[in-house]
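> Sending over target.pdb (PDB, C-alpha atoms, pLDDT in the B column).
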ATOM      1  CA  MET B1416      10.534  30.610 -18.008  1.00 55.00           C
ATOM      2  CA  THR B1417       9.864  26.873 -18.461  1.00 62.00           C
ATOM      3  CA  GLN B1418       7.029  27.050 -15.969  1.00 66.00           C
ATOM      4  CA  VAL B1419       5.410  29.918 -17.885  1.00 74.00           C
ATOM      5  CA  LYS B1420       5.834  28.220 -21.274  1.00 73.00           C
ATOM      6  CA  SER B1421       4.388  24.920 -20.013  1.00 71.00           C
ATOM      7  CA  GLY B1422       1.200  26.608 -18.867  1.00 74.00           C
ATOM      8  CA  GLY B1423       1.314  25.012 -15.445  1.00 68.00           C
ATOM      9  CA  TRP B1424       3.410  23.142 -12.955  1.00 63.00           C
ATOM     10  CA  VAL B1425       2.772  20.074 -10.802  1.00 61.00           C
ATOM     11  CA  GLY B1426       4.421  20.269  -7.404  1.00 59.00           C
ATOM     12  CA  SER B1427       6.945  22.740  -6.123  1.00 59.00           C
ATOM     13  CA  SER B1428       9.148  24.537  -8.634  1.00 61.00           C
ATOM     14  CA  LEU B1429      12.037  24.633  -6.169  1.00 59.00           C
ATOM     15  CA  ILE B1430      15.155  22.708  -7.198  1.00 59.00           C
ATOM     16  CA  HIS B1431      17.454  21.656  -4.378  1.00 56.00           C
ATOM     17  CA  LEU B1432      21.194  21.615  -4.714  1.00 57.00           C
ATOM     18  CA  GLY B1433      23.460  23.266  -2.234  1.00 56.00           C
ATOM     19  CA  ASP B1434      20.781  23.838   0.394  1.00 59.00           C
ATOM     20  CA  SER B1435      19.738  22.026   3.560  1.00 61.00           C
ATOM     21  CA  ASN B1436      18.035  19.212   1.613  1.00 58.00           C
ATOM     22  CA  VAL B1437      20.901  18.449  -0.761  1.00 59.00           C
ATOM     23  CA  PRO B1438      23.974  20.187   0.699  1.00 57.00           C
ATOM     24  CA  ASN B1439      26.581  18.670  -1.624  1.00 61.00           C
ATOM     25  CA  ALA B1440      27.169  16.462  -4.661  1.00 59.00           C
ATOM     26  CA  LEU B1441      27.742  13.309  -2.571  1.00 63.00           C
ATOM     27  CA  MET B1442      24.262  13.633  -1.065  1.00 62.00           C
ATOM     28  CA  PHE B1443      22.895  14.084  -4.579  1.00 63.00           C
ATOM     29  CA  ILE B1444      24.628  10.917  -5.830  1.00 66.00           C
ATOM     30  CA  ASP B1445      23.429   8.987  -2.778  1.00 70.00           C
ATOM     31  CA  LYS B1446      19.848   9.866  -3.680  1.00 70.00           C
ATOM     32  CA  TYR B1447      20.233   7.969  -6.970  1.00 73.00           C
ATOM     33  CA  SER B1448      21.437   4.864  -5.132  1.00 78.00           C
ATOM     34  CA  GLN B1449      18.045   4.702  -3.405  1.00 81.00           C
ATOM     35  CA  VAL B1450      16.166   4.061  -6.652  1.00 84.00           C
ATOM     36  CA  GLU B1451      16.946   0.341  -6.783  1.00 86.00           C
ATOM     37  CA  HIS B1452      15.747  -0.149  -3.197  1.00 87.00           C
ATOM     38  CA  ILE B1453      12.388   1.306  -4.192  1.00 90.00           C
ATOM     39  CA  LEU B1454      11.958  -0.316  -7.599  1.00 91.00           C
ATOM     40  CA  ASN B1455      13.323  -3.828  -7.051  1.00 91.00           C
ATOM     41  CA  PRO B1456      10.571  -4.995  -4.662  1.00 93.00           C
ATOM     42  CA  ILE B1457       7.908  -3.526  -6.932  1.00 96.00           C
ATOM     43  CA  LEU B1458       9.382  -5.213  -9.994  1.00 95.00           C
ATOM     44  CA  ALA B1459       9.865  -8.518  -8.160  1.00 94.00           C
ATOM     45  CA  THR B1460       6.216  -8.463  -7.096  1.00 97.00           C
ATOM     46  CA  LEU B1461       5.038  -7.704 -10.624  1.00 97.00           C
ATOM     47  CA  ASP B1462       7.252 -10.481 -11.997  1.00 97.00           C
ATOM     48  CA  ALA B1463       5.797 -12.932  -9.443  1.00 97.00           C
ATOM     49  CA  LEU B1464       2.145 -12.220 -10.264  1.00 97.00           C
ATOM     50  CA  PRO B1465       1.687 -14.767 -13.090  1.00 97.00           C
ATOM     51  CA  LYS B1466       3.181 -17.573 -10.975  1.00 97.00           C
ATOM     52  CA  LEU B1467       1.195 -16.560  -7.894  1.00 97.00           C
ATOM     53  CA  HIS B1468      -1.964 -16.551  -9.994  1.00 97.00           C
ATOM     54  CA  SER B1469      -1.383 -19.938 -11.600  1.00 97.00           C
ATOM     55  CA  SER B1470       0.310 -21.898  -8.798  1.00 96.00           C
ATOM     56  CA  ASP B1471      -2.535 -21.785  -6.279  1.00 95.00           C
ATOM     57  CA  ALA B1472      -6.186 -21.924  -7.336  1.00 97.00           C
ATOM     58  CA  HIS B1473      -7.365 -20.051  -4.238  1.00 97.00           C
ATOM     59  CA  ILE B1474      -4.873 -17.226  -4.680  1.00 97.00           C
ATOM     60  CA  GLY B1475      -5.654 -17.082  -8.404  1.00 97.00           C
ATOM     61  CA  ALA B1476      -9.380 -16.859  -7.689  1.00 98.00           C
ATOM     62  CA  TRP B1477      -8.768 -14.154  -5.083  1.00 98.00           C
ATOM     63  CA  ILE B1478      -6.639 -12.117  -7.531  1.00 98.00           C
ATOM     64  CA  ASP B1479      -9.349 -12.494 -10.169  1.00 98.00           C
ATOM     65  CA  SER B1480     -12.244 -11.534  -7.907  1.00 98.00           C
ATOM     66  CA  THR B1481     -10.465  -8.749  -6.020  1.00 97.00           C
ATOM     67  CA  PHE B1482      -8.387  -7.130  -8.748  1.00 98.00           C
ATOM     68  CA  GLY B1483      -9.755  -8.446 -12.040  1.00 98.00           C
ATOM     69  CA  GLY B1484      -6.812 -10.728 -12.788  1.00 98.00           C
ATOM     70  CA  PRO B1485      -3.021 -10.404 -12.830  1.00 98.00           C
ATOM     71  CA  ASN B1486      -2.902  -7.885 -15.694  1.00 98.00           C
ATOM     72  CA  ALA B1487      -5.404  -5.587 -14.006  1.00 98.00           C
ATOM     73  CA  LEU B1488      -3.521  -5.958 -10.728  1.00 98.00           C
ATOM     74  CA  THR B1489      -0.246  -5.029 -12.436  1.00 98.00           C
ATOM     75  CA  LYS B1490      -1.893  -1.914 -13.855  1.00 98.00           C
ATOM     76  CA  SER B1491      -3.392  -1.081 -10.471  1.00 98.00           C
ATOM     77  CA  ILE B1492      -0.017  -1.295  -8.701  1.00 98.00           C
ATOM     78  CA  LEU B1493       1.756   0.743 -11.377  1.00 97.00           C
ATOM     79  CA  ALA B1494      -1.014   3.349 -11.577  1.00 96.00           C
ATOM     80  CA  ASP B1495      -0.941   3.807  -7.817  1.00 96.00           C
ATOM     81  CA  PHE B1496       2.845   4.112  -7.751  1.00 95.00           C
ATOM     82  CA  PHE B1497       3.009   6.588 -10.621  1.00 91.00           C
ATOM     83  CA  LYS B1498       0.117   8.625  -9.242  1.00 90.00           C
ATOM     84  CA  PHE B1499       1.342   8.857  -5.642  1.00 89.00           C
ATOM     85  CA  GLY B1500       5.054   8.033  -5.892  1.00 86.00           C
ATOM     86  CA  PHE B1501       5.959  11.320  -7.557  1.00 79.00           C
ATOM     87  CA  ASP B1502       3.319  13.740  -6.286  1.00 79.00           C
ATOM     88  CA  GLY B1503       5.393  15.827  -3.878  1.00 72.00           C
ATOM     89  CA  SER B1504       4.040  14.060  -0.802  1.00 76.00           C
ATOM     90  CA  GLY B1505       6.115  13.077   2.192  1.00 70.00           C
ATOM     91  CA  ALA B1506       8.063  16.311   2.669  1.00 69.00           C
ATOM     92  CA  ASP B1507       7.733  18.540   5.701  1.00 68.00           C
ATOM     93  CA  ASN B1508       6.346  21.296   3.509  1.00 66.00           C
ATOM     94  CA  PHE B1509       5.616  22.127  -0.111  1.00 62.00           C
ATOM     95  CA  PHE B1510       8.940  23.888  -0.766  1.00 61.00           C
ATOM     96  CA  ASP B1511      11.059  21.111   0.757  1.00 59.00           C
ATOM     97  CA  ALA B1512       9.379  18.694  -1.653  1.00 59.00           C
ATOM     98  CA  GLY B1513      11.089  20.322  -4.628  1.00 56.00           C
ATOM     99  CA  SER B1514      10.857  19.233  -8.252  1.00 57.00           C
ATOM    100  CA  CYS B1515      14.246  17.547  -8.387  1.00 62.00           C
ATOM    101  CA  ILE B1516      15.375  14.012  -7.559  1.00 63.00           C
ATOM    102  CA  ASP B1517      15.204  14.830  -3.860  1.00 65.00           C
ATOM    103  CA  GLY B1518      11.523  15.674  -4.038  1.00 67.00           C
ATOM    104  CA  ARG B1519      10.606  12.681  -6.196  1.00 74.00           C
ATOM    105  CA  LEU B1520      12.482  10.281  -3.933  1.00 79.00           C
ATOM    106  CA  THR B1521      10.781  11.776  -0.895  1.00 79.00           C
ATOM    107  CA  SER B1522       7.445  11.057  -2.570  1.00 83.00           C
ATOM    108  CA  ALA B1523       8.525   7.563  -3.625  1.00 87.00           C
ATOM    109  CA  TRP B1524       9.703   6.714  -0.099  1.00 87.00           C
ATOM    110  CA  HIS B1525       6.433   8.098   1.227  1.00 88.00           C
ATOM    111  CA  TRP B1526       4.587   5.726  -1.138  1.00 92.00           C
ATOM    112  CA  CYS B1527       6.727   2.879   0.192  1.00 92.00           C
ATOM    113  CA  SER B1528       5.819   3.780   3.772  1.00 92.00           C
ATOM    114  CA  GLN B1529       2.137   3.674   2.803  1.00 94.00           C
ATOM    115  CA  LEU B1530       2.332   0.233   1.140  1.00 96.00           C
ATOM    116  CA  PRO B1531       0.761  -1.602   4.120  1.00 95.00           C
ATOM    117  CA  THR B1532      -2.371   0.529   3.632  1.00 96.00           C
ATOM    118  CA  LYS B1533      -2.729  -0.383  -0.049  1.00 97.00           C
ATOM    119  CA  PRO B1534      -5.280  -3.005  -1.150  1.00 97.00           C
ATOM    120  CA  PHE B1535      -2.536  -4.968  -2.928  1.00 98.00           C
ATOM    121  CA  TYR B1536      -0.139  -5.167   0.051  1.00 97.00           C
ATOM    122  CA  VAL B1537      -0.999  -8.841   0.611  1.00 97.00           C
ATOM    123  CA  VAL B1538       0.158  -9.596  -2.928  1.00 98.00           C
ATOM    124  CA  PHE B1539       3.557  -8.062  -2.126  1.00 97.00           C
ATOM    125  CA  LYS B1540       3.796 -10.296   0.955  1.00 96.00           C
ATOM    126  CA  LEU B1541       2.769 -13.391  -1.033  1.00 96.00           C
ATOM    127  CA  ALA B1542       5.468 -12.545  -3.584  1.00 95.00           C
ATOM    128  CA  GLY B1543       8.154 -12.526  -0.869  1.00 92.00           C
ATOM    129  CA  PHE B1544       8.330  -8.830  -0.007  1.00 93.00           C
ATOM    130  CA  THR B1545       9.857  -8.078   3.391  1.00 90.00           C
ATOM    131  CA  SER B1546      11.046  -4.477   3.110  1.00 89.00           C
ATOM    132  CA  PHE B1547      12.450  -1.786   0.864  1.00 86.00           C
ATOM    133  CA  ASP B1548      15.938  -2.112   2.367  1.00 78.00           C
ATOM    134  CA  GLY B1549      17.248  -4.331  -0.401  1.00 59.00           C
ATOM    135  CA  GLN B1550      16.007  -7.610   1.080  1.00 59.00           C
ATOM    136  CA  PHE B1551      13.515  -9.735  -0.819  1.00 56.00           C
ATOM    137  CA  GLN B1552      12.627 -13.377  -0.257  1.00 56.00           C
ATOM    138  CA  THR B1553      11.537 -15.514  -3.177  1.00 53.00           C
TER
END
How would this structure read if it were set down as structure tokens?

Amino acid sequence: MTQVKSGGWVGSSLIHLGDSNVPNALMFIDKYSQVEHILNPILATLDALPKLHSSDAHIGAWIDSTFGGPNALTKSILADFFKFGFDGSGADNFFDAGSCIDGRLTSAWHWCSQLPTKPFYVVFKLAGFTSFDGQFQT
């Protein structure tokens, strides 16, 4: 009914709970614990941008010429994450992607796995990024 009233739907309309993707409540809760491992490195990188830009003239000039400055770079990183981090990608098939937390986390982890292919990956490395496993060097 919600899908009909909204006039459209992005992604799969399947919600997983009690199936092979999310077989029980403990798996569901564990999915939420993954959020900080995804967001913390992104937030740490965004927080480091002003200092990276101002502390080294060469890096600052590179950020300006490549991305249009730290504010534009912040918007670029966030736009890319919000566009591709929740798009249903990364699942084995469309129905396994789902529209619940499982599907969004699959997409977010897929975005994380694609980070080395992003034009701003070097900025993550300069900011101390090592991985999405909870480790971050500053």
> What does the structure give for the distance between CA of Gln1529 in chain B and CA of Ser1469 in chain B, in Å to one decimal?
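We find that CA of Gln1529 in chain B and CA of Ser1469 in chain B lie 27.9 Å from each other.
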> When you draw a straight line from CA of Gly1505 in chain B to CA of Ser1522 in chain B, how long is it in Å?
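Taking CA of Gly1505 in chain B as the start and CA of Ser1522 in chain B as the end point, the length is 5.3 Å.
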> Residues picked by the PyMOL selection byres ((chain B and resi 1456) around 8) here, as an mmCIF file with C-alpha atoms, in the coordinates of the input?

data_model
loop_
_atom_site.group_PDB
_atom_site.id
_atom_site.type_symbol
_atom_site.label_atom_id
_atom_site.label_comp_id
_atom_site.auth_asym_id
_atom_site.auth_seq_id
_atom_site.Cartn_x
_atom_site.Cartn_y
_atom_site.Cartn_z
ATOM 1 C CA HIS B 1452 15.747 -0.149 -3.197
ATOM 2 C CA ILE B 1453 12.388 1.306 -4.192
ATOM 3 C CA LEU B 1454 11.958 -0.316 -7.599
ATOM 4 C CA ASN B 1455 13.323 -3.828 -7.051
ATOM 5 C CA ILE B 1457 7.908 -3.526 -6.932
ATOM 6 C CA LEU B 1458 9.382 -5.213 -9.994
ATOM 7 C CA ALA B 1459 9.865 -8.518 -8.160
ATOM 8 C CA THR B 1460 6.216 -8.463 -7.096
ATOM 9 C CA PHE B 1544 8.330 -8.830 -0.007
ATOM 10 C CA SER B 1546 11.046 -4.477 3.110
ATOM 11 C CA PHE B 1547 12.450 -1.786 0.864
ATOM 12 C CA GLY B 1549 17.248 -4.331 -0.401
ATOM 13 C CA PHE B 1551 13.515 -9.735 -0.819
#
> Which residue, B:Leu1464, B:Ala1476, B:Leu1520, B:Ala1494, has the smallest gap to Glu1451 in chain B when you use all atoms listed in the file?
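Distance minimum relative to Glu1451 in chain B lands on B:Leu1520.
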> Exactly which residues make up the result of the PyMOL selection byres ((chain B and resi 1481-1488) around 10) on this file, given as a list in words?
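On the file shown, the PyMOL selection byres ((chain B and resi 1481-1488) around 10) covers Leu1461, Ala1463, Leu1464, Pro1465, Lys1466, Leu1467, His1468, Ser1469, Gly1475, Ala1476, Trp1477, Ile1478, Asp1479, Ser1480, Thr1489, Lys1490, Ser1491, Ile1492, Leu1493, Ala1494, Pro1534, Phe1535 and Val1538 of chain B.
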> How would the residues just chosen look if you wrote them out with C-alpha atoms as a compact mmCIF listing (two decimals), in the coordinates of the input?

# COMPACT_ATOMS: atom_id res chain seq x y z
CA LEU B 1461 5.04 -7.70 -10.62
CA ALA B 1463 5.80 -12.93 -9.44
CA LEU B 1464 2.14 -12.22 -10.26
CA PRO B 1465 1.69 -14.77 -13.09
CA LYS B 1466 3.18 -17.57 -10.98
CA LEU B 1467 1.20 -16.56 -7.89
CA HIS B 1468 -1.96 -16.55 -9.99
CA SER B 1469 -1.38 -19.94 -11.60
CA GLY B 1475 -5.65 -17.08 -8.40
CA ALA B 1476 -9.38 -16.86 -7.69
CA TRP B 1477 -8.77 -14.15 -5.08
CA ILE B 1478 -6.64 -12.12 -7.53
CA ASP B 1479 -9.35 -12.49 -10.17
CA SER B 1480 -12.24 -11.53 -7.91
CA THR B 1489 -0.25 -5.03 -12.44
CA LYS B 1490 -1.89 -1.91 -13.86
CA SER B 1491 -3.39 -1.08 -10.47
CA ILE B 1492 -0.02 -1.30 -8.70
CA LEU B 1493 1.76 0.74 -11.38
CA ALA B 1494 -1.01 3.35 -11.58
CA PRO B 1534 -5.28 -3.00 -1.15
CA PHE B 1535 -2.54 -4.97 -2.93
CA VAL B 1538 0.16 -9.60 -2.93
> So what do you get for CA of Lys1533 in chain B versus CA of Lys1446 in chain B, distance-wise?
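We find that CA of Lys1533 in chain B and CA of Lys1446 in chain B lie 25.1 Å from each other.
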> Could you work out an axis-aligned bounding box for all listed atoms of range 1501-1505 of chain B, with 3 Å added on each of the six sides, and give its centre and edge lengths in Å to one decimal, as JSON?

{"center_x": 4.7, "center_y": 13.6, "center_z": -2.7, "size_x": 8.8, "size_y": 10.5, "size_z": 15.7}
> Which residue is closest to Pro1531 in chain B? Choose from B:Lys1498, B:Arg1519, B:Asp1471, B:Thr1545 and count all atoms listed in the file.
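Checking each candidate against Pro1531 in chain B, we get B:Thr1545 as the closest.
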> For Asp1502 in chain B, which of B:His1473, B:Lys1420, B:Lys1540, B:His1525 is the closest residue, counting all atoms listed in the file?
B:His1525
> Go through B:Val1450, B:Leu1530, B:Leu1541, B:Val1419 and flag the residue nearest Asp1495 in chain B, using only C-alpha atoms for the distances.
B:Leu1530
> Reconstruct range 1467-1489 of chain B at the level of N, CA, C and O atoms, and format the result as a PDB file, keeping the file's coordinate frame.

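Output saved as result31.pdb:
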ATOM      1  N   LEU B1467       2.121 -16.570  -9.038  1.00 97.00           N
ATOM      2  CA  LEU B1467       1.195 -16.560  -7.894  1.00 97.00           C
ATOM      3  C   LEU B1467      -0.219 -16.915  -8.349  1.00 97.00           C
ATOM      4  O   LEU B1467      -0.919 -17.677  -7.693  1.00 97.00           O
ATOM      5  N   HIS B1468      -0.614 -16.345  -9.469  1.00 97.00           N
ATOM      6  CA  HIS B1468      -1.964 -16.551  -9.994  1.00 97.00           C
ATOM      7  C   HIS B1468      -2.199 -17.994 -10.421  1.00 97.00           C
ATOM      8  O   HIS B1468      -3.260 -18.558 -10.178  1.00 97.00           O
ATOM      9  N   SER B1469      -1.198 -18.600 -11.042  1.00 97.00           N
ATOM     10  CA  SER B1469      -1.383 -19.938 -11.600  1.00 97.00           C
ATOM     11  C   SER B1469      -1.010 -21.073 -10.651  1.00 97.00           C
ATOM     12  O   SER B1469      -1.473 -22.200 -10.826  1.00 97.00           O
ATOM     13  N   SER B1470      -0.185 -20.805  -9.639  1.00 96.00           N
ATOM     14  CA  SER B1470       0.310 -21.898  -8.798  1.00 96.00           C
ATOM     15  C   SER B1470      -0.645 -22.312  -7.689  1.00 96.00           C
ATOM     16  O   SER B1470      -0.526 -23.411  -7.158  1.00 96.00           O
ATOM     17  N   ASP B1471      -1.579 -21.462  -7.336  1.00 95.00           N
ATOM     18  CA  ASP B1471      -2.535 -21.785  -6.279  1.00 95.00           C
ATOM     19  C   ASP B1471      -3.918 -21.313  -6.716  1.00 95.00           C
ATOM     20  O   ASP B1471      -4.133 -20.117  -6.932  1.00 95.00           O
ATOM     21  N   ALA B1472      -4.843 -22.253  -6.833  1.00 97.00           N
ATOM     22  CA  ALA B1472      -6.186 -21.924  -7.336  1.00 97.00           C
ATOM     23  C   ALA B1472      -6.894 -20.897  -6.459  1.00 97.00           C
ATOM     24  O   ALA B1472      -7.615 -20.024  -6.966  1.00 97.00           O
ATOM     25  N   HIS B1473      -6.702 -20.992  -5.148  1.00 97.00           N
ATOM     26  CA  HIS B1473      -7.365 -20.051  -4.238  1.00 97.00           C
ATOM     27  C   HIS B1473      -6.804 -18.635  -4.389  1.00 97.00           C
ATOM     28  O   HIS B1473      -7.563 -17.661  -4.405  1.00 97.00           O
ATOM     29  N   ILE B1474      -5.492 -18.546  -4.484  1.00 97.00           N
ATOM     30  CA  ILE B1474      -4.873 -17.226  -4.680  1.00 97.00           C
ATOM     31  C   ILE B1474      -5.255 -16.667  -6.041  1.00 97.00           C
ATOM     32  O   ILE B1474      -5.587 -15.484  -6.174  1.00 97.00           O
ATOM     33  N   GLY B1475      -5.246 -17.512  -7.064  1.00 97.00           N
ATOM     34  CA  GLY B1475      -5.654 -17.082  -8.404  1.00 97.00           C
ATOM     35  C   GLY B1475      -7.085 -16.565  -8.420  1.00 97.00           C
ATOM     36  O   GLY B1475      -7.370 -15.521  -9.010  1.00 97.00           O
ATOM     37  N   ALA B1476      -7.979 -17.298  -7.751  1.00 98.00           N
ATOM     38  CA  ALA B1476      -9.380 -16.859  -7.689  1.00 98.00           C
ATOM     39  C   ALA B1476      -9.509 -15.542  -6.932  1.00 98.00           C
ATOM     40  O   ALA B1476     -10.299 -14.663  -7.308  1.00 98.00           O
ATOM     41  N   TRP B1477      -8.735 -15.395  -5.860  1.00 98.00           N
ATOM     42  CA  TRP B1477      -8.768 -14.154  -5.083  1.00 98.00           C
ATOM     43  C   TRP B1477      -8.261 -12.967  -5.919  1.00 98.00           C
ATOM     44  O   TRP B1477      -8.862 -11.897  -5.918  1.00 98.00           O
ATOM     45  N   ILE B1478      -7.164 -13.170  -6.665  1.00 98.00           N
ATOM     46  CA  ILE B1478      -6.639 -12.117  -7.531  1.00 98.00           C
ATOM     47  C   ILE B1478      -7.664 -11.747  -8.592  1.00 98.00           C
ATOM     48  O   ILE B1478      -7.899 -10.570  -8.873  1.00 98.00           O
ATOM     49  N   ASP B1479      -8.327 -12.754  -9.155  1.00 98.00           N
ATOM     50  CA  ASP B1479      -9.349 -12.494 -10.169  1.00 98.00           C
ATOM     51  C   ASP B1479     -10.528 -11.715  -9.595  1.00 98.00           C
ATOM     52  O   ASP B1479     -10.972 -10.722 -10.172  1.00 98.00           O
ATOM     53  N   SER B1480     -11.040 -12.167  -8.461  1.00 98.00           N
ATOM     54  CA  SER B1480     -12.244 -11.534  -7.907  1.00 98.00           C
ATOM     55  C   SER B1480     -11.961 -10.173  -7.273  1.00 98.00           C
ATOM     56  O   SER B1480     -12.800  -9.278  -7.315  1.00 98.00           O
ATOM     57  N   THR B1481     -10.779 -10.003  -6.710  1.00 97.00           N
ATOM     58  CA  THR B1481     -10.465  -8.749  -6.020  1.00 97.00           C
ATOM     59  C   THR B1481      -9.923  -7.685  -6.961  1.00 97.00           C
ATOM     60  O   THR B1481     -10.267  -6.510  -6.836  1.00 97.00           O
ATOM     61  N   PHE B1482      -9.079  -8.100  -7.909  1.00 98.00           N
ATOM     62  CA  PHE B1482      -8.387  -7.130  -8.748  1.00 98.00           C
ATOM     63  C   PHE B1482      -8.708  -7.243 -10.237  1.00 98.00           C
ATOM     64  O   PHE B1482      -8.280  -6.407 -11.012  1.00 98.00           O
ATOM     65  N   GLY B1483      -9.429  -8.285 -10.627  1.00 98.00           N
ATOM     66  CA  GLY B1483      -9.755  -8.446 -12.040  1.00 98.00           C
ATOM     67  C   GLY B1483      -8.705  -9.206 -12.827  1.00 98.00           C
ATOM     68  O   GLY B1483      -8.661  -9.144 -14.049  1.00 98.00           O
ATOM     69  N   GLY B1484      -7.833  -9.925 -12.125  1.00 98.00           N
ATOM     70  CA  GLY B1484      -6.812 -10.728 -12.788  1.00 98.00           C
ATOM     71  C   GLY B1484      -5.431 -10.113 -12.639  1.00 98.00           C
ATOM     72  O   GLY B1484      -5.287  -8.968 -12.201  1.00 98.00           O
ATOM     73  N   PRO B1485      -4.389 -10.883 -13.008  1.00 98.00           N
ATOM     74  CA  PRO B1485      -3.021 -10.404 -12.830  1.00 98.00           C
ATOM     75  C   PRO B1485      -2.674  -9.168 -13.659  1.00 98.00           C
ATOM     76  O   PRO B1485      -1.939  -8.304 -13.200  1.00 98.00           O
ATOM     77  N   ASN B1486      -3.200  -9.062 -14.871  1.00 98.00           N
ATOM     78  CA  ASN B1486      -2.902  -7.885 -15.694  1.00 98.00           C
ATOM     79  C   ASN B1486      -3.518  -6.628 -15.092  1.00 98.00           C
ATOM     80  O   ASN B1486      -2.877  -5.571 -15.048  1.00 98.00           O
ATOM     81  N   ALA B1487      -4.754  -6.738 -14.646  1.00 98.00           N
ATOM     82  CA  ALA B1487      -5.404  -5.587 -14.006  1.00 98.00           C
ATOM     83  C   ALA B1487      -4.709  -5.221 -12.702  1.00 98.00           C
ATOM     84  O   ALA B1487      -4.569  -4.036 -12.368  1.00 98.00           O
ATOM     85  N   LEU B1488      -4.249  -6.210 -11.970  1.00 98.00           N
ATOM     86  CA  LEU B1488      -3.521  -5.958 -10.728  1.00 98.00           C
ATOM     87  C   LEU B1488      -2.192  -5.254 -11.008  1.00 98.00           C
ATOM     88  O   LEU B1488      -1.828  -4.303 -10.310  1.00 98.00           O
ATOM     89  N   THR B1489      -1.488  -5.690 -12.034  1.00 98.00           N
ATOM     90  CA  THR B1489      -0.246  -5.029 -12.436  1.00 98.00           C
ATOM     91  C   THR B1489      -0.511  -3.559 -12.740  1.00 98.00           C
ATOM     92  O   THR B1489       0.201  -2.674 -12.257  1.00 98.00           O
TER      93      THR B1489
END
